[in-house]
Structures are given as structure tokens and as C-alpha cells.
Amino acid sequence: MPASQPTRARRGKSKLCLLIATRKGMFLLRDAGDRRSWRLAGPHFLGHIVNHAVLDPRDRRTLLVAARTGHLGPTVFRSLDLGKTWKEAGRPPAFPKAETPEAKREVDHVFWLTPGHASEPDVWYAGTSPKGLFRSADGGMTWEGVAGFNENPLREKWAAGPQDGTPDGPKMHSILIDPRDARHLYIGMSSGGVFETRDQGRSWQPLNQGCRADFLPDPYPEYGHDPHCVRLHPLQPDRLYQQNHCGIYRMERAEGRWVRIGEAMPKKVGDIGFPLVLHPRDPDTLWVFPMDGTSVWPRVSPDGRPAAYVTRNAGKSWQRLDRGLPRAQAWWTVKRQAMCGDTRDPVGIYLGTTNGEVWGSRDEGGRFVNLARHLPEIYALESAET
Amino acid sequence: MKVYIPSPLCSYTHEANSVAAAGGSVGELLEDLDRRFPGIRFRIINEQDEIRRHIRIFVNGNQIAGLSAPLGREDEVMIVCALSGG
């Protein structure tokens, strides 16, 4: 998601809303105005698996939801009135009909949604499982595959097969758009790595130098890595960060090499996790939420003690943030799309947990309070100014 | 002909659990259903024109394997979501 501009000047006008995508539907958590009291609304699409819900920061009106159920095919719903009414995409993301049985591909679910560049107000991108990149030019109602990726002769090598994915399937995620250039995009694939295009998706280059892939025979391959979440700073678009399967990294694009900044994390906690959130105004500040990536990858908070970590110097040092969070025996974690920040000052930080709780901090992670509980497993959490 | 709609798809048919549709084959019938209830077909049939993994289609009580199965005007079609998952 491109971060919006600071909202300080218009605080009186806009209202904050958290969009909660869960395994059993979508919910809205609306701020009464001071980020102290919140009202839960929903569910929308009860029983649907909702992987992502995003409100377009360009118009603050177009809300897209990536949904499917256990039985029915994947689709995208759109609302222009914050969930009062919905319209389904006339042509959801789908691969072309194959000419041979071996070439058959089927979108299992839409995993990621990204509003397009500011100069292309109706453009959206979607990443799917299995890995595919799709584009809509009409605000999410019809979708076309980005042929330069989906039909690329190297795609099968880059994206590999169904084995090269998460337990929920291989994912295309972290579709990032350079705010200076609508033709310049990055994508992340779990697994496959980070890729870049400078011609709006016609051609792609791997961008993984310096990043480890210690699960492969060659730990520094050209591609095949497992970025969990990649972010580009909107005010400094040549700086990228990623939370990877093999640590936390930063890249200055001119250098073209990932530098592991997670090694400064406490050794007992490590630098494995899924989400990564950037400060909307300070490119040196980011938050992560480590998880237990030892042995069989339990994917829970290390030692059952959940905590976010923040760096304010681009990864030279990290500070633990756990005030207000459970102190022990809390075996949840936060998925890659389920941690977000708002654009207020100080920045609000929000966590959507695997056990269906939403936690929020009004002071950049200084203290968390519970905002909602008893929800289904949370897959994604996005903040929006409405 | 009469088409029985499973409850997960009734949001498309204005909550009706049976509707009328026409076609000389299951594929044509689903095209007609989609004209009447936009979006319903893609949730049943994937982009390779295959019946989705957890969907079954019966014609006069017999399960059919693909969209080319022929239909007569008096046939009864039942779309079923398999009982699976949690």
C-alpha cells in the first residue's frame, strides 16, 4: 500500500477505519475520532475467506475485497459506500484458457490488492495464488493478466511450482508502485523472490542480491527467495525494506543489494517474522513483529510473549515494544498483511492476530490496548482514512 | 428447465434455491445462468472450463463430468457444493 500523506492538517475531517480481513469474513473497526474508542461493524461476506480488503487512498471511496469460500471460486467485491452496498467484479482475476493440459492454471484465491499510481486513478493490481499478477483499469470490476509476468517464458522458473509456496499455497504479494513512475513496480513472491519492472510489467528482473535463501542448496541464488513482506518508502522510493524468511533486510536501490539489518535484533528473538510496517514520514523508522522460526517453524510469538520491535535508525538498533500485550502464554502471531500503521501523528500501530484479536497503539507502539476480540483468524489489517 | 441452487450460491439468485434456465448442454445452461445471475458461473467453473474441485453437478440424479454433457428441455439439474472443509 502506498502510504498516504500526513493527515494532521485534515484530522478534523477524516475518520480512521481499520479493515479486518478474516478467514470467515470482513469486519470494519471505526474510530470515534480520538483513537480511544472503536466501533466494530460487520461481518461482511460471513463465511467467505477474505485475504485482503483495501480502501483506495486516492479517492477514499473505492473499497475492494478479495474473497472466496472453501467451495466456490475466487472473486473480488467492490463497495463505493464503505460496505453499505457491494458489487462483484464482472471478470475476476483468471488465467487464460490453456491450449494443453500441462499449461492449465487456475486462480485459487486473490491474495493481495494494491491501488495503482496516483496518475492512474482507476488502476489496481492484484496478486494471486498460484502466483499471478493482474491489473484492473476500471476500479476493480474487470481484471486482465499482466502478460509480461504471467506468460513470461521464465515465469515457471521464477515462481516454481505448488511446492514452492506457503502452507496456504504459493503467493504473489507486496505489489509496490514507485510514486514517481507508474511504470516502475516491484513484486514479492513466496517463494520466488523480489522482482522489478521498469516498463509496467512487460519485462522483469530479479532483485535478490545479498539476500539469503538458506533453505536452498545455493544460499545466494539469483531468485527462489522467500520475501514475506516488502515495503517501499513513499517519501524515499529508492529505499526498500523486506521481512524475509531469512531475516530483515534493507536495500538502497542504487546499490542494488539487500543488507541484513535484522542481525541487530536480540538473538533470543531472532529476525524471522512476516509483517513489516513503515513510518509514513520517517524512512528510518519501521516496525516488525517477530515469530518463532526455529525447528519446524511454530509460527507463534517467541516464547509465547508477543512483541513488536521498532528501529528508528534504519535497522542499526531495535527496541522491544510489548507494553499492554500479554506477558506470557500468548501463542498467537501476526500474518504478513495483518499489521499496519495509520498516518496520524504520532503514528498508530495496529496488529490483527491469528486468534482473532485487534490490538492498537496510539503512540507508535509505546503501549498497546485491545480493540477487538473473538473475531475469526485475521488474515489482513489495513488502516484507511475515510 | 429447473436448476437447483446450493445455499452458498443463493446470494446470486436472490435467495431462490431453484431457478429456470435453458441450454442444450451443461455448458450452455451455465452461460444462461450467468446471464441471469452475473458472476455465478465463475464460482462454479474455473477459467479452464472445469467444474471446481468442491462442486458437483447432477442431471436427473446422475453426476456429470464436464460441461459438454447434453441436456433435454425436461431435465432437472442440481448443483451441489461438496460437504468438505471446516
# chains A, B, ... in the order shown; residues from 1 in each chain; ligands from 1
>>> residues_around(residues="Ile64 (chain B)", least_positions_apart="5", cutoff="12 Å", atoms="only C-alpha atoms", output="PyMOL selection string")
chain B and resi 25-27+50-51+55-59+69-71+77-80
>>> write_last_selection(atoms="N, CA and C atoms", output="PDB file, in the first residue's frame")
ATOM      1  N   SER B  25     -26.690 -27.970 -23.407  1.00  0.00           N
ATOM      2  CA  SER B  25     -25.647 -28.704 -22.680  1.00  0.00           C
ATOM      3  C   SER B  25     -25.467 -28.022 -21.328  1.00  0.00           C
ATOM      4  N   VAL B  26     -24.729 -28.681 -20.446  1.00  0.00           N
ATOM      5  CA  VAL B  26     -24.485 -28.078 -19.132  1.00  0.00           C
ATOM      6  C   VAL B  26     -23.725 -26.762 -19.296  1.00  0.00           C
ATOM      7  N   GLY B  27     -22.786 -26.737 -20.251  1.00  0.00           N
ATOM      8  CA  GLY B  27     -22.034 -25.505 -20.502  1.00  0.00           C
ATOM      9  C   GLY B  27     -22.955 -24.372 -20.917  1.00  0.00           C
ATOM     10  N   GLU B  50     -13.445 -26.096 -16.225  1.00  0.00           N
ATOM     11  CA  GLU B  50     -13.583 -27.319 -15.433  1.00  0.00           C
ATOM     12  C   GLU B  50     -14.477 -27.033 -14.227  1.00  0.00           C
ATOM     13  N   ILE B  51     -15.236 -28.032 -13.834  1.00  0.00           N
ATOM     14  CA  ILE B  51     -16.059 -27.884 -12.628  1.00  0.00           C
ATOM     15  C   ILE B  51     -15.114 -27.796 -11.430  1.00  0.00           C
ATOM     16  N   ILE B  55     -17.316 -28.761  -6.220  1.00  0.00           N
ATOM     17  CA  ILE B  55     -18.661 -28.635  -6.810  1.00  0.00           C
ATOM     18  C   ILE B  55     -19.001 -29.928  -7.562  1.00  0.00           C
ATOM     19  N   ARG B  56     -20.253 -30.347  -7.461  1.00  0.00           N
ATOM     20  CA  ARG B  56     -20.751 -31.478  -8.252  1.00  0.00           C
ATOM     21  C   ARG B  56     -22.005 -31.019  -8.991  1.00  0.00           C
ATOM     22  N   ILE B  57     -22.186 -31.533 -10.198  1.00  0.00           N
ATOM     23  CA  ILE B  57     -23.396 -31.223 -10.958  1.00  0.00           C
ATOM     24  C   ILE B  57     -24.074 -32.538 -11.329  1.00  0.00           C
ATOM     25  N   PHE B  58     -25.370 -32.615 -11.010  1.00  0.00           N
ATOM     26  CA  PHE B  58     -26.154 -33.812 -11.315  1.00  0.00           C
ATOM     27  C   PHE B  58     -27.237 -33.457 -12.335  1.00  0.00           C
ATOM     28  N   VAL B  59     -27.439 -34.347 -13.300  1.00  0.00           N
ATOM     29  CA  VAL B  59     -28.544 -34.205 -14.250  1.00  0.00           C
ATOM     30  C   VAL B  59     -29.459 -35.411 -14.046  1.00  0.00           C
ATOM     31  N   ALA B  69     -21.840 -32.264 -21.293  1.00  0.00           N
ATOM     32  CA  ALA B  69     -22.972 -33.182 -21.069  1.00  0.00           C
ATOM     33  C   ALA B  69     -24.249 -32.585 -21.665  1.00  0.00           C
ATOM     34  N   PRO B  70     -24.963 -33.367 -22.487  1.00  0.00           N
ATOM     35  CA  PRO B  70     -26.160 -32.813 -23.147  1.00  0.00           C
ATOM     36  C   PRO B  70     -27.343 -32.695 -22.183  1.00  0.00           C
ATOM     37  N   LEU B  71     -28.233 -31.774 -22.513  1.00  0.00           N
ATOM     38  CA  LEU B  71     -29.424 -31.564 -21.683  1.00  0.00           C
ATOM     39  C   LEU B  71     -30.665 -31.564 -22.570  1.00  0.00           C
ATOM     40  N   VAL B  77     -31.570 -30.199 -13.235  1.00  0.00           N
ATOM     41  CA  VAL B  77     -30.143 -30.053 -12.937  1.00  0.00           C
ATOM     42  C   VAL B  77     -29.982 -29.645 -11.475  1.00  0.00           C
ATOM     43  N   MET B  78     -29.060 -30.278 -10.811  1.00  0.00           N
ATOM     44  CA  MET B  78     -28.786 -29.928  -9.420  1.00  0.00           C
ATOM     45  C   MET B  78     -27.303 -29.606  -9.260  1.00  0.00           C
ATOM     46  N   ILE B  79     -27.031 -28.414  -8.755  1.00  0.00           N
ATOM     47  CA  ILE B  79     -25.643 -28.018  -8.456  1.00  0.00           C
ATOM     48  C   ILE B  79     -25.445 -28.222  -6.962  1.00  0.00           C
ATOM     49  N   VAL B  80     -24.356 -28.894  -6.627  1.00  0.00           N
ATOM     50  CA  VAL B  80     -24.138 -29.274  -5.234  1.00  0.00           C
ATOM     51  C   VAL B  80     -22.748 -28.822  -4.794  1.00  0.00           C
TER      52      VAL B  80
END
>>> select_by_dssp(residues="chain B", states="helix (DSSP H, G or I)", output="number ranges by chain")
B: 7-9, 26-36, 40-44
>>> select_by_dssp(residues="region 119-299 of chain A", states="strand (DSSP E)", output="VMD selection string")
chain A and resid 124 to 129 132 to 136 144 to 145 171 to 177 185 to 190 193 to 197 205 to 206 227 to 233 236 to 244 247 to 252 257 to 260 273 to 278 286 to 290
>>> residues_around(residues="Glu120 (chain A)", least_positions_apart="3", cutoff="12 Å", atoms="only C-alpha atoms", output="ChimeraX atom specification")
/A:58-59,115-117,123-125,135-139,177,179,181-183
>>> write_last_selection(atoms="N, CA and C atoms", output="PDB file, in the first residue's frame")
ATOM      1  N   ARG A  58      -6.551   7.069  -2.804  1.00  0.00           N
ATOM      2  CA  ARG A  58      -6.620   8.149  -3.789  1.00  0.00           C
ATOM      3  C   ARG A  58      -7.990   8.800  -3.807  1.00  0.00           C
ATOM      4  N   ASP A  59      -9.041   7.999  -3.569  1.00  0.00           N
ATOM      5  CA  ASP A  59     -10.390   8.600  -3.572  1.00  0.00           C
ATOM      6  C   ASP A  59     -11.121   8.400  -2.250  1.00  0.00           C
ATOM      7  N   PRO A 115      -3.808  -0.479  -4.809  1.00  0.00           N
ATOM      8  CA  PRO A 115      -4.263   0.603  -5.686  1.00  0.00           C
ATOM      9  C   PRO A 115      -3.103   1.089  -6.550  1.00  0.00           C
ATOM     10  N   GLY A 116      -3.403   1.517  -7.769  1.00  0.00           N
ATOM     11  CA  GLY A 116      -2.355   1.906  -8.701  1.00  0.00           C
ATOM     12  C   GLY A 116      -1.764   3.274  -8.414  1.00  0.00           C
ATOM     13  N   HIS A 117      -0.978   3.740  -9.362  1.00  0.00           N
ATOM     14  CA  HIS A 117      -0.294   5.021  -9.254  1.00  0.00           C
ATOM     15  C   HIS A 117      -1.305   6.171  -9.233  1.00  0.00           C
ATOM     16  N   VAL A 123      -6.775   2.393 -11.766  1.00  0.00           N
ATOM     17  CA  VAL A 123      -5.943   1.191 -11.889  1.00  0.00           C
ATOM     18  C   VAL A 123      -5.716   0.554 -10.514  1.00  0.00           C
ATOM     19  N   TRP A 124      -5.843  -0.769 -10.479  1.00  0.00           N
ATOM     20  CA  TRP A 124      -5.490  -1.579  -9.314  1.00  0.00           C
ATOM     21  C   TRP A 124      -4.664  -2.770  -9.802  1.00  0.00           C
ATOM     22  N   TYR A 125      -3.868  -3.304  -8.900  1.00  0.00           N
ATOM     23  CA  TYR A 125      -3.155  -4.557  -9.174  1.00  0.00           C
ATOM     24  C   TYR A 125      -3.580  -5.605  -8.151  1.00  0.00           C
ATOM     25  N   ARG A 135      -4.214  -6.855 -13.456  1.00  0.00           N
ATOM     26  CA  ARG A 135      -4.388  -5.403 -13.441  1.00  0.00           C
ATOM     27  C   ARG A 135      -5.837  -5.095 -13.803  1.00  0.00           C
ATOM     28  N   SER A 136      -6.391  -4.144 -13.105  1.00  0.00           N
ATOM     29  CA  SER A 136      -7.713  -3.638 -13.458  1.00  0.00           C
ATOM     30  C   SER A 136      -7.562  -2.171 -13.820  1.00  0.00           C
ATOM     31  N   ALA A 137      -8.228  -1.750 -14.890  1.00  0.00           N
ATOM     32  CA  ALA A 137      -8.189  -0.334 -15.277  1.00  0.00           C
ATOM     33  C   ALA A 137      -9.529   0.334 -15.037  1.00  0.00           C
ATOM     34  N   ASP A 138     -10.452  -0.383 -14.367  1.00  0.00           N
ATOM     35  CA  ASP A 138     -11.775   0.201 -14.133  1.00  0.00           C
ATOM     36  C   ASP A 138     -12.206   0.062 -12.671  1.00  0.00           C
ATOM     37  N   GLY A 139     -11.264   0.302 -11.795  1.00  0.00           N
ATOM     38  CA  GLY A 139     -11.597   0.302 -10.369  1.00  0.00           C
ATOM     39  C   GLY A 139     -11.964  -1.058  -9.824  1.00  0.00           C
ATOM     40  N   ILE A 177       4.394   0.206  -6.044  1.00  0.00           N
ATOM     41  CA  ILE A 177       4.460   1.111  -7.188  1.00  0.00           C
ATOM     42  C   ILE A 177       5.279   2.331  -6.800  1.00  0.00           C
ATOM     43  N   PRO A 179       6.106   5.875  -6.475  1.00  0.00           N
ATOM     44  CA  PRO A 179       5.221   7.049  -6.583  1.00  0.00           C
ATOM     45  C   PRO A 179       5.681   8.063  -7.628  1.00  0.00           C
ATOM     46  N   ASP A 181       6.808   7.074 -10.686  1.00  0.00           N
ATOM     47  CA  ASP A 181       6.775   6.487 -12.030  1.00  0.00           C
ATOM     48  C   ASP A 181       5.819   5.288 -12.055  1.00  0.00           C
ATOM     49  N   ALA A 182       4.712   5.447 -12.750  1.00  0.00           N
ATOM     50  CA  ALA A 182       3.696   4.379 -12.803  1.00  0.00           C
ATOM     51  C   ALA A 182       4.214   3.123 -13.486  1.00  0.00           C
ATOM     52  N   ARG A 183       5.321   3.246 -14.222  1.00  0.00           N
ATOM     53  CA  ARG A 183       5.843   2.085 -14.953  1.00  0.00           C
ATOM     54  C   ARG A 183       6.806   1.248 -14.105  1.00  0.00           C
TER      55      ARG A 183
END
>>> residues_around(residues="Val288 (chain A)", least_positions_apart="6", cutoff="12 Å", atoms="only C-alpha atoms", output="MDAnalysis selection string")
chainID A and resid 228:231 241:244 247:249 261:262 265 269:279 306:312 315 318:321 333:341 349:351 365
>>> write_last_selection(atoms="C-alpha atoms", output="tab-separated table (two decimals), in the first residue's frame")
chain	number	residue	atom	x	y	z
A	228	HIS	CA	7.37	-12.37	3.40
A	229	CYS	CA	6.61	-8.68	3.11
A	230	VAL	CA	8.32	-5.98	1.06
A	231	ARG	CA	7.78	-2.23	1.53
A	241	TYR	CA	12.73	-2.97	3.23
A	242	GLN	CA	11.74	-6.59	3.46
A	243	GLN	CA	10.90	-9.10	6.13
A	244	ASN	CA	12.19	-12.29	4.61
A	247	GLY	CA	15.80	-12.16	8.16
A	248	ILE	CA	15.08	-8.44	7.88
A	249	TYR	CA	16.73	-6.54	5.04
A	261	ILE	CA	19.51	-5.33	9.28
A	262	GLY	CA	17.88	-7.96	11.45
A	265	MET	CA	17.76	-7.93	16.81
A	269	VAL	CA	14.08	-13.42	19.47
A	270	GLY	CA	15.73	-13.51	16.06
A	271	ASP	CA	14.68	-11.66	12.95
A	272	ILE	CA	12.13	-14.04	11.45
A	273	GLY	CA	8.57	-12.84	11.05
A	274	PHE	CA	6.01	-11.84	8.47
A	275	PRO	CA	4.77	-8.22	8.62
A	276	LEU	CA	6.75	-5.03	8.28
A	277	VAL	CA	5.33	-1.52	8.66
A	278	LEU	CA	6.96	1.76	7.65
A	279	HIS	CA	6.61	5.14	9.33
A	306	PRO	CA	4.18	-11.28	21.74
A	307	ALA	CA	6.08	-8.09	20.97
A	308	ALA	CA	6.63	-5.69	18.13
A	309	TYR	CA	10.10	-4.27	17.52
A	310	VAL	CA	10.91	-0.82	16.17
A	311	THR	CA	14.05	0.65	14.70
A	312	ARG	CA	14.45	4.40	14.33
A	315	GLY	CA	17.97	-1.13	11.34
A	318	TRP	CA	15.90	-2.29	17.64
A	319	GLN	CA	13.66	-1.66	20.62
A	320	ARG	CA	11.13	-4.12	22.04
A	321	LEU	CA	7.52	-2.88	22.24
A	333	THR	CA	1.25	-14.22	15.86
A	334	VAL	CA	0.55	-11.69	13.11
A	335	LYS	CA	0.40	-12.59	9.42
A	336	ARG	CA	2.19	-10.64	6.70
A	337	GLN	CA	-0.77	-8.39	5.82
A	338	ALA	CA	-2.13	-8.09	9.35
A	339	MET	CA	-0.01	-5.29	10.80
A	340	CYS	CA	-0.42	-1.70	9.71
A	341	GLY	CA	0.10	1.88	10.70
A	349	ILE	CA	0.28	0.85	15.04
A	350	TYR	CA	-2.25	-1.98	14.72
A	351	LEU	CA	-1.99	-5.75	14.95
A	365	GLY	CA	3.93	1.10	19.75
>>> closest_atom_pairs(of="chain A", to="chain B", cutoff="12 Å", atoms="only C-alpha atoms", output="Markdown table")
| residue | atom | partner | partner_atom | distance |
| --- | --- | --- | --- | --- |
| A:Arg23 | CA | B:Gly86 | CA | 11.0 |
| A:Lys24 | CA | B:Gly86 | CA | 10.9 |
| A:Phe45 | CA | B:Ser11 | CA | 10.3 |
| A:Leu46 | CA | B:Pro8 | CA | 10.8 |
| A:Gly47 | CA | B:Pro8 | CA | 9.3 |
| A:His48 | CA | B:Pro8 | CA | 9.8 |
| A:Ile49 | CA | B:Gly86 | CA | 11.8 |
| A:Ala67 | CA | B:Arg43 | CA | 11.0 |
| A:Arg68 | CA | B:Arg43 | CA | 8.5 |
| A:Thr69 | CA | B:Pro8 | CA | 8.7 |
| A:Gly70 | CA | B:Gly85 | CA | 6.7 |
| A:His71 | CA | B:His54 | CA | 5.2 |
| A:Leu72 | CA | B:Arg43 | CA | 4.8 |
| A:Gly73 | CA | B:Arg43 | CA | 4.0 |
| A:Pro74 | CA | B:Arg43 | CA | 6.7 |
| A:Thr75 | CA | B:Arg43 | CA | 7.7 |
| A:Val76 | CA | B:Gly39 | CA | 10.3 |
| A:Phe77 | CA | B:Gly39 | CA | 10.7 |
| A:Trp86 | CA | B:Ser11 | CA | 11.9 |
| A:Lys87 | CA | B:Gly39 | CA | 10.1 |
| A:Glu88 | CA | B:Gly39 | CA | 7.1 |
| A:Ala89 | CA | B:Gly39 | CA | 7.6 |
| A:Gly90 | CA | B:Gly39 | CA | 6.4 |
| A:Arg91 | CA | B:Gly39 | CA | 7.9 |
| A:Pro92 | CA | B:Phe42 | CA | 8.4 |
| A:Pro93 | CA | B:Glu47 | CA | 9.4 |
| A:Ala94 | CA | B:Glu47 | CA | 6.0 |
| A:Phe95 | CA | B:Glu47 | CA | 6.4 |
| A:Pro96 | CA | B:Glu47 | CA | 6.8 |
| A:Lys97 | CA | B:Gln48 | CA | 5.1 |
| A:Ala98 | CA | B:Gln48 | CA | 6.6 |
| A:Glu99 | CA | B:Gln48 | CA | 9.4 |
| A:Thr100 | CA | B:Gln48 | CA | 10.3 |
| A:Pro101 | CA | B:Gln48 | CA | 9.3 |
| A:Glu102 | CA | B:Gln48 | CA | 11.6 |
| A:Ala103 | CA | B:Gln48 | CA | 9.9 |
| A:Lys104 | CA | B:Gln48 | CA | 6.7 |
| A:Arg105 | CA | B:Gln48 | CA | 7.5 |
| A:Glu106 | CA | B:Glu47 | CA | 6.3 |
| A:Val107 | CA | B:Asn46 | CA | 8.0 |
| A:Asp108 | CA | B:Asn46 | CA | 9.2 |
| A:His109 | CA | B:Arg43 | CA | 11.4 |
| A:Met141 | CA | B:Gly39 | CA | 11.3 |
| A:Thr142 | CA | B:Gly39 | CA | 11.6 |
>>> atom_distance(atom1="CA of Phe149 (chain A)", atom2="CA of Phe134 (chain A)")
9.3 Å
>>> closest_residue(among="B:Glu76, B:Gly61, B:Thr13, B:Leu67", to="Asp34 (chain B)", atoms="only C-alpha atoms")
B:Thr13
>>> residues_around(residues="Asp32 (chain B)", least_positions_apart="5", cutoff="8 Å", atoms="only C-alpha atoms", output="ChimeraX atom specification")
/B:21-23
>>> closest_residue(among="A:Lys131, A:Lys316, A:His225, A:Arg327", to="Gly304 (chain A)", atoms="only C-alpha atoms")
A:Arg327
>>> residues_around(residues="Ala330 (chain A)", least_positions_apart="2", cutoff="12 Å", atoms="only C-alpha atoms", output="list in words")
Met291, Val300, Ser301, Pro302, Asp303, Gly304, Arg305, Pro306, Ala307, Leu325, Pro326, Arg327, Ala328, Trp332, Thr333, Thr353, Thr354, Asn355 and Glu357 of chain A
>>> write_last_selection(atoms="N, CA and C atoms", output="mmCIF file, in the first residue's frame")
data_model
loop_
_atom_site.group_PDB
_atom_site.id
_atom_site.type_symbol
_atom_site.label_atom_id
_atom_site.label_comp_id
_atom_site.auth_asym_id
_atom_site.auth_seq_id
_atom_site.Cartn_x
_atom_site.Cartn_y
_atom_site.Cartn_z
ATOM 1 N N MET A 291 8.407 -13.752 14.970
ATOM 2 C CA MET A 291 7.756 -15.006 15.361
ATOM 3 C C MET A 291 8.813 -16.096 15.478
ATOM 4 N N VAL A 300 4.499 -18.871 15.964
ATOM 5 C CA VAL A 300 3.850 -18.234 17.110
ATOM 6 C C VAL A 300 4.836 -17.205 17.650
ATOM 7 N N SER A 301 4.380 -16.387 18.588
ATOM 8 C CA SER A 301 5.297 -15.423 19.189
ATOM 9 C C SER A 301 6.400 -16.160 19.933
ATOM 10 N N PRO A 302 7.659 -15.716 19.824
ATOM 11 C CA PRO A 302 8.750 -16.405 20.516
ATOM 12 C C PRO A 302 8.467 -16.507 22.022
ATOM 13 N N ASP A 303 8.528 -17.729 22.539
ATOM 14 C CA ASP A 303 8.348 -17.970 23.974
ATOM 15 C C ASP A 303 6.932 -17.622 24.454
ATOM 16 N N GLY A 304 5.993 -17.484 23.524
ATOM 17 C CA GLY A 304 4.616 -17.138 23.914
ATOM 18 C C GLY A 304 4.484 -15.730 24.454
ATOM 19 N N ARG A 305 5.422 -14.862 24.111
ATOM 20 C CA ARG A 305 5.411 -13.475 24.619
ATOM 21 C C ARG A 305 5.429 -12.527 23.415
ATOM 22 N N PRO A 306 4.250 -12.111 22.949
ATOM 23 C CA PRO A 306 4.178 -11.283 21.744
ATOM 24 C C PRO A 306 4.810 -9.907 21.950
ATOM 25 N N ALA A 307 5.475 -9.428 20.923
ATOM 26 C CA ALA A 307 6.076 -8.091 20.973
ATOM 27 C C ALA A 307 6.345 -7.614 19.553
ATOM 28 N N LEU A 325 0.641 -5.701 25.876
ATOM 29 C CA LEU A 325 0.411 -7.015 25.277
ATOM 30 C C LEU A 325 0.534 -8.101 26.354
ATOM 31 N N PRO A 326 -0.052 -9.280 26.143
ATOM 32 C CA PRO A 326 0.059 -10.358 27.137
ATOM 33 C C PRO A 326 1.525 -10.649 27.463
ATOM 34 N N ARG A 327 1.803 -10.928 28.733
ATOM 35 C CA ARG A 327 3.191 -11.118 29.176
ATOM 36 C C ARG A 327 3.670 -12.552 29.010
ATOM 37 N N ALA A 328 2.747 -13.492 28.908
ATOM 38 C CA ALA A 328 3.161 -14.905 28.823
ATOM 39 C C ALA A 328 2.010 -15.743 28.294
ATOM 40 N N TRP A 332 -0.077 -16.562 19.852
ATOM 41 C CA TRP A 332 -0.541 -16.082 18.558
ATOM 42 C C TRP A 332 0.571 -15.332 17.846
ATOM 43 N N THR A 333 0.333 -15.073 16.591
ATOM 44 C CA THR A 333 1.251 -14.220 15.856
ATOM 45 C C THR A 333 0.452 -13.349 14.894
ATOM 46 N N THR A 353 -4.442 -10.441 14.902
ATOM 47 C CA THR A 353 -3.742 -11.650 15.326
ATOM 48 C C THR A 353 -4.390 -12.912 14.763
ATOM 49 N N THR A 354 -3.617 -13.990 14.833
ATOM 50 C CA THR A 354 -4.118 -15.263 14.320
ATOM 51 C C THR A 354 -5.239 -15.816 15.208
ATOM 52 N N ASN A 355 -5.381 -15.300 16.430
ATOM 53 C CA ASN A 355 -6.501 -15.757 17.263
ATOM 54 C C ASN A 355 -7.641 -14.741 17.283
ATOM 55 N N GLU A 357 -7.814 -11.249 17.399
ATOM 56 C CA GLU A 357 -7.835 -10.028 18.209
ATOM 57 C C GLU A 357 -7.212 -8.886 17.416
#
>>> atom_distance(atom1="CA of Gly165 (chain A)", atom2="CA of Ala147 (chain A)")
21.4 Å
>>> decode(residues="region 34-80 of chain B", atoms="C-alpha atoms", output="compact mmCIF listing (two decimals), in the first residue's frame")
# COMPACT_ATOMS: atom_id res chain seq x y z
CA ASP B 34 -24.59 -16.34 -15.69
CA ARG B 35 -26.57 -14.00 -17.96
CA ARG B 36 -29.44 -14.10 -15.48
CA PHE B 37 -27.28 -14.04 -12.35
CA PRO B 38 -23.93 -12.39 -13.22
CA GLY B 39 -20.89 -13.89 -11.56
CA ILE B 40 -22.43 -17.24 -10.62
CA ARG B 41 -20.64 -19.27 -13.31
CA PHE B 42 -17.07 -18.41 -12.30
CA ARG B 43 -17.74 -19.54 -8.78
CA ILE B 44 -18.77 -22.98 -10.11
CA ILE B 45 -16.46 -23.34 -13.13
CA ASN B 46 -12.80 -22.34 -13.32
CA GLU B 47 -11.05 -20.48 -16.13
CA GLN B 48 -10.16 -23.81 -17.77
CA ASP B 49 -13.88 -24.64 -18.09
CA GLU B 50 -13.58 -27.32 -15.43
CA ILE B 51 -16.06 -27.88 -12.63
CA ARG B 52 -14.40 -26.60 -9.46
CA ARG B 53 -12.96 -29.10 -7.02
CA HIS B 54 -15.73 -28.97 -4.42
CA ILE B 55 -18.66 -28.63 -6.81
CA ARG B 56 -20.75 -31.48 -8.25
CA ILE B 57 -23.40 -31.22 -10.96
CA PHE B 58 -26.15 -33.81 -11.32
CA VAL B 59 -28.54 -34.20 -14.25
CA ASN B 60 -31.67 -36.19 -13.36
CA GLY B 61 -29.78 -37.56 -10.39
CA ASN B 62 -26.67 -38.65 -12.30
CA GLN B 63 -23.39 -36.87 -11.74
CA ILE B 64 -21.88 -35.44 -14.91
CA ALA B 65 -18.16 -35.00 -15.55
CA GLY B 66 -17.94 -31.93 -17.74
CA LEU B 67 -19.66 -29.05 -19.47
CA SER B 68 -20.33 -30.96 -22.69
CA ALA B 69 -22.97 -33.18 -21.07
CA PRO B 70 -26.16 -32.81 -23.15
CA LEU B 71 -29.42 -31.56 -21.68
CA GLY B 72 -33.06 -32.02 -22.70
CA ARG B 73 -35.81 -29.49 -22.05
CA GLU B 74 -37.37 -31.55 -19.27
CA ASP B 75 -34.13 -32.39 -17.48
CA GLU B 76 -33.55 -31.40 -13.88
CA VAL B 77 -30.14 -30.05 -12.94
CA MET B 78 -28.79 -29.93 -9.42
CA ILE B 79 -25.64 -28.02 -8.46
CA VAL B 80 -24.14 -29.27 -5.23
